[in-house]
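**Student:** Sharing coords-v2.cif below, mmCIF, C-alpha atoms:
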data_upload
#
loop_
_atom_site.label_atom_id
_atom_site.label_comp_id
_atom_site.auth_asym_id
_atom_site.auth_seq_id
_atom_site.Cartn_x
_atom_site.Cartn_y
_atom_site.Cartn_z
CA MET J 874 183.35 111.12 16.40
CA ARG J 875 185.68 110.93 13.40
CA ASP J 876 189.31 110.08 14.18
CA MET J 877 191.31 113.01 12.80
CA THR J 878 194.70 111.78 13.98
CA GLY J 879 195.85 111.10 10.41
CA ASP J 880 195.01 114.70 9.44
CA LEU J 881 196.98 116.06 12.38
CA VAL J 882 199.96 113.75 11.79
CA GLY J 883 200.01 114.97 8.16
CA LEU J 884 200.26 118.57 9.37
CA VAL J 885 202.41 118.06 12.46
CA PRO J 886 204.44 114.84 12.48
CA PRO J 887 204.77 113.37 15.97
CA PRO J 888 208.19 113.03 17.58
CA GLU J 889 210.11 109.86 16.78
CA ASP J 890 210.24 108.94 20.46
CA PRO J 891 207.27 110.67 22.15
CA GLU J 892 207.63 111.21 25.89
CA PRO J 893 205.27 108.70 27.49
CA ALA J 894 202.38 110.05 29.51
CA GLY J 895 202.97 107.55 32.32
CA GLY J 896 200.79 107.02 35.35
CA GLY J 897 197.11 106.28 35.46
CA LEU J 898 194.01 108.35 35.38
CA PRO J 899 193.31 110.69 38.27
CA GLU J 900 190.62 109.36 40.59
CA SER J 901 187.08 110.45 39.70
CA VAL J 902 188.26 112.27 36.58
CA VAL J 903 187.01 111.16 33.20
CA LEU J 904 189.33 111.86 30.29
CA PRO J 905 188.22 111.47 26.67
CA GLU J 906 189.48 108.50 24.70
CA ASP J 907 190.74 110.78 21.93
CA TYR J 908 192.95 112.66 24.43
CA LEU J 909 194.43 109.36 25.59
CA HIS J 910 194.88 108.33 21.94
CA PHE J 911 196.57 111.67 21.23
CA LEU J 912 198.99 111.00 24.10
CA SER J 913 199.79 107.56 22.67
CA VAL J 914 200.78 109.16 19.33
CA TYR J 915 202.42 112.44 20.43
CA GLY J 916 203.26 111.86 24.08
CA VAL J 917 203.46 114.69 26.58
CA GLY J 918 204.87 117.97 25.37
CA THR J 919 204.35 121.32 23.74
CA PHE J 920 203.00 122.43 20.38
CA ASP J 921 204.71 125.42 18.78
CA MET J 922 206.25 126.36 22.13
CA PHE J 923 202.75 127.54 23.14
CA LEU J 924 200.23 124.77 23.92
CA HIS J 925 201.40 122.46 26.71
CA VAL J 926 199.68 119.06 26.85
CA MET J 927 199.85 117.39 30.26
CA ALA J 928 200.03 113.78 31.27
CA PRO J 929 197.21 112.30 33.33
CA GLU J 930 199.59 111.77 36.21
CA ARG J 931 203.34 112.14 36.72
CA SER J 932 205.70 111.49 39.57
CA ASP J 933 208.60 113.60 38.27
CA GLY J 934 207.32 116.95 39.57
CA ARG J 935 206.18 118.23 36.18
CA ALA J 936 202.66 119.47 35.53
CA ASN J 937 200.02 116.79 35.41
CA VAL J 938 196.25 116.65 35.14
CA ARG J 939 195.70 115.76 38.80
CA GLU J 940 197.78 118.63 40.23
CA ARG J 941 196.65 121.26 37.73
CA THR J 942 193.00 120.34 38.27
CA ALA J 943 193.37 120.65 42.06
CA SER J 944 195.15 123.98 41.61
CA PHE J 945 192.44 125.16 39.23
CA TRP J 946 189.67 124.51 41.79
CA SER J 947 191.63 126.44 44.41
CA VAL J 948 192.13 129.43 42.10
CA LEU J 949 188.49 129.40 41.00
CA ALA J 950 187.36 129.44 44.63
CA ARG J 951 189.62 132.38 45.47
CA ILE J 952 188.58 134.42 42.44
CA SER J 953 184.93 133.65 43.16
CA GLU J 954 185.33 135.18 46.63
CA PHE J 955 186.33 138.53 45.12
CA VAL J 956 183.97 138.69 42.14
CA PRO J 957 181.21 136.17 42.85
CA GLU J 958 178.71 137.63 40.39
CA ALA J 959 181.20 137.57 37.51
CA MET J 960 182.38 134.04 38.26
CA ALA J 961 178.98 132.49 39.09
CA PRO J 962 178.16 131.25 35.56
CA LEU J 963 181.51 129.47 35.16
CA SER J 964 181.68 128.27 38.74
CA ASP J 965 178.11 126.97 38.76
CA MET J 966 178.55 125.14 35.45
CA LEU J 967 181.76 123.42 36.59
CA ARG J 968 180.51 122.51 40.05
CA ALA J 969 177.47 120.85 38.46
CA ALA J 970 179.64 118.77 36.11
CA ALA J 971 180.30 115.08 36.68
CA SER J 972 184.00 115.55 35.90
CA VAL J 973 186.41 118.42 35.24
CA ALA J 974 190.06 117.97 34.26
CA VAL J 975 192.72 120.50 33.27
CA TRP J 976 194.64 118.78 30.45
CA GLY J 977 196.60 121.67 28.95
CA SER J 978 197.73 125.26 29.24
CA THR J 979 199.24 127.97 27.07
CA ASP J 980 202.19 130.27 27.51
CA ASN J 981 199.62 133.04 28.03
CA GLY J 982 198.25 131.25 31.08
CA ASP J 983 195.04 130.06 29.41
CA LEU J 984 193.74 126.72 30.67
CA CYS J 985 192.30 123.86 28.61
CA LEU J 986 189.76 121.70 30.44
CA TRP J 987 187.74 118.60 29.68
CA VAL J 988 184.25 118.89 31.15
CA VAL J 989 181.76 116.03 31.40
CA PRO J 990 178.25 117.29 32.26
CA ALA J 991 176.34 115.45 35.01
CA ASP J 992 173.28 115.05 32.77
CA GLY J 993 174.99 112.47 30.57
CA GLU J 994 175.58 114.77 27.60
CA ASP J 995 178.85 114.46 25.69
CA GLY J 996 181.87 116.10 27.26
CA PHE J 997 183.45 119.19 25.77
CA VAL J 998 186.64 121.23 25.77
CA LEU J 999 186.52 124.46 27.75
CA VAL J 1000 189.25 127.08 27.33
CA ILE J 1001 189.49 129.66 30.11
CA GLY J 1002 191.44 132.87 29.62
CA SER J 1003 194.36 133.52 31.94
CA ARG J 1004 192.45 136.12 33.95
CA PHE J 1005 189.30 134.01 34.14
CA GLU J 1006 187.42 136.87 32.45
CA ASP J 1007 186.31 134.82 29.47
CA TRP J 1008 185.86 131.20 28.52
CA TYR J 1009 184.90 129.31 25.40
CA GLU J 1010 183.21 125.94 24.94
CA TYR J 1011 184.14 123.63 22.07
CA GLY J 1012 181.95 120.59 21.42
CA VAL J 1013 184.91 118.33 20.64
CA GLY J 1014 187.05 115.81 22.45
#
As a first step, turn the structure in this file into structure tokens.

**Tutor:**
Amino acid sequence: MRDMTGDLVGLVPPPEDPEPAGGGLPESVVLPEDYLHFLSVYGVGTFDMFLHVMAPERSDGRANVRERTASFWSVLARISEFVPEAMAPLSDMLRAAASVAVWGSTDNGDLCLWVVPADGEDGFVLVIGSRFEDWYEYGVG
């Protein structure tokens, strides 16, 4: 995959002192190298007061990948109880994955996930709408 960090830095300069991501990787969660590289350049924070990028793990009580991922699974299970037929495609796909991690969110409540399929295919970004009614796959890190 082509490193597009230079393109992004040209459009959106990183902060002079980015807030470090801190912590280590959540257990059993695979995060893409380009996400970790992004964190090393930009740190943890928000783009355009809309897209919130989380740290892999934090101890200061702020949102982190481990906690948001655990919360996501809980919400998905509860929604699936009420509308199992509508949630089955999403739920089945994610339960079959080798790794799922919530790495970001929007002010609208949309969630950004990193999904690594169990069959060894490349991981992809999955964006789930705030009401879990729609989701979109992006074949990028």

**Student:** Counting all atoms listed in the file, figure out which residue out of J:Ala969, J:Val882, J:Leu984, J:Val998 gets nearest to Ser944 in chain J.

**Tutor:** J:Leu984

**Student:** Could you check how far CA of Val956 in chain J sits from CA of Val988 in chain J, in Å to one decimal?

**Tutor:**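 Taking CA of Val956 in chain J as the start and CA of Val988 in chain J as the end point, the length is 22.6 Å.
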
**Student:** Smallest atom-to-atom distance to His910 in chain J: which of J:Ile952, J:Met877, J:Leu967, J:Ala991, using all atoms listed in the file?

**Tutor:** J:Met877

**Student:** State, in Å with one decimal place, the distance from CA of Tyr908 in chain J to CA of Leu949 in chain J.

**Tutor:**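 Taking CA of Tyr908 in chain J and CA of Leu949 in chain J, their separation equals 24.0 Å.
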
**Student:** For CA of Leu963 in chain J and CA of Asn981 in chain J, determine how far apart the two atoms are, in Å to one decimal place.

**Tutor:**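 So the answer is 19.8 Å.
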
**Student:** Given the choices J:Glu954, J:Asp1007, J:Asp980, J:Asp890, which gets closest to Ser913 in chain J if the distance is worked out from all atoms listed in the file?

**Tutor:** J:Asp890

**Student:** Could you write range 953-968 of chain J as a compact mmCIF listing (two decimals), in the frame of the given file, with N, CA, C and O atoms rebuilt where they are missing?

**Tutor:**
# COMPACT_ATOMS: atom_id res chain seq x y z
N SER J 953 186.37 133.55 42.92
CA SER J 953 184.93 133.65 43.16
C SER J 953 184.62 134.41 44.45
O SER J 953 183.55 135.00 44.57
N GLU J 954 185.53 134.41 45.40
CA GLU J 954 185.33 135.18 46.63
C GLU J 954 185.33 136.67 46.35
O GLU J 954 184.60 137.43 46.96
N PHE J 955 186.18 137.10 45.40
CA PHE J 955 186.33 138.53 45.12
C PHE J 955 185.33 139.06 44.12
O PHE J 955 184.90 140.21 44.23
N VAL J 956 184.94 138.26 43.15
CA VAL J 956 183.97 138.69 42.14
C VAL J 956 182.94 137.58 41.92
O VAL J 956 182.86 136.99 40.85
N PRO J 957 182.14 137.31 42.95
CA PRO J 957 181.21 136.17 42.85
C PRO J 957 180.22 136.29 41.71
O PRO J 957 179.92 135.30 41.05
N GLU J 958 179.71 137.49 41.45
CA GLU J 958 178.71 137.63 40.39
C GLU J 958 179.31 137.39 39.01
O GLU J 958 178.66 136.83 38.14
N ALA J 959 180.55 137.78 38.80
CA ALA J 959 181.20 137.57 37.51
C ALA J 959 181.58 136.11 37.30
O ALA J 959 181.56 135.60 36.18
N MET J 960 181.91 135.42 38.37
CA MET J 960 182.38 134.04 38.26
C MET J 960 181.26 133.01 38.40
O MET J 960 181.46 131.83 38.12
N ALA J 961 180.08 133.44 38.83
CA ALA J 961 178.98 132.49 39.09
C ALA J 961 178.65 131.60 37.89
O ALA J 961 178.51 130.39 38.07
N PRO J 962 178.51 132.14 36.67
CA PRO J 962 178.16 131.25 35.56
C PRO J 962 179.18 130.13 35.35
O PRO J 962 178.82 128.97 35.19
N LEU J 963 180.46 130.48 35.35
CA LEU J 963 181.51 129.47 35.16
C LEU J 963 181.56 128.53 36.35
O LEU J 963 181.56 127.30 36.19
N SER J 964 181.58 129.07 37.53
CA SER J 964 181.68 128.27 38.74
C SER J 964 180.50 127.31 38.88
O SER J 964 180.68 126.12 39.17
N ASP J 965 179.30 127.81 38.64
CA ASP J 965 178.11 126.97 38.76
C ASP J 965 178.12 125.83 37.74
O ASP J 965 177.80 124.69 38.06
N MET J 966 178.50 126.15 36.49
CA MET J 966 178.55 125.14 35.45
C MET J 966 179.55 124.03 35.82
O MET J 966 179.25 122.84 35.70
N LEU J 967 180.73 124.41 36.29
CA LEU J 967 181.76 123.42 36.59
C LEU J 967 181.44 122.61 37.84
O LEU J 967 181.71 121.41 37.89
N ARG J 968 180.86 123.25 38.84
CA ARG J 968 180.51 122.51 40.05
C ARG J 968 179.39 121.50 39.80
O ARG J 968 179.30 120.49 40.48
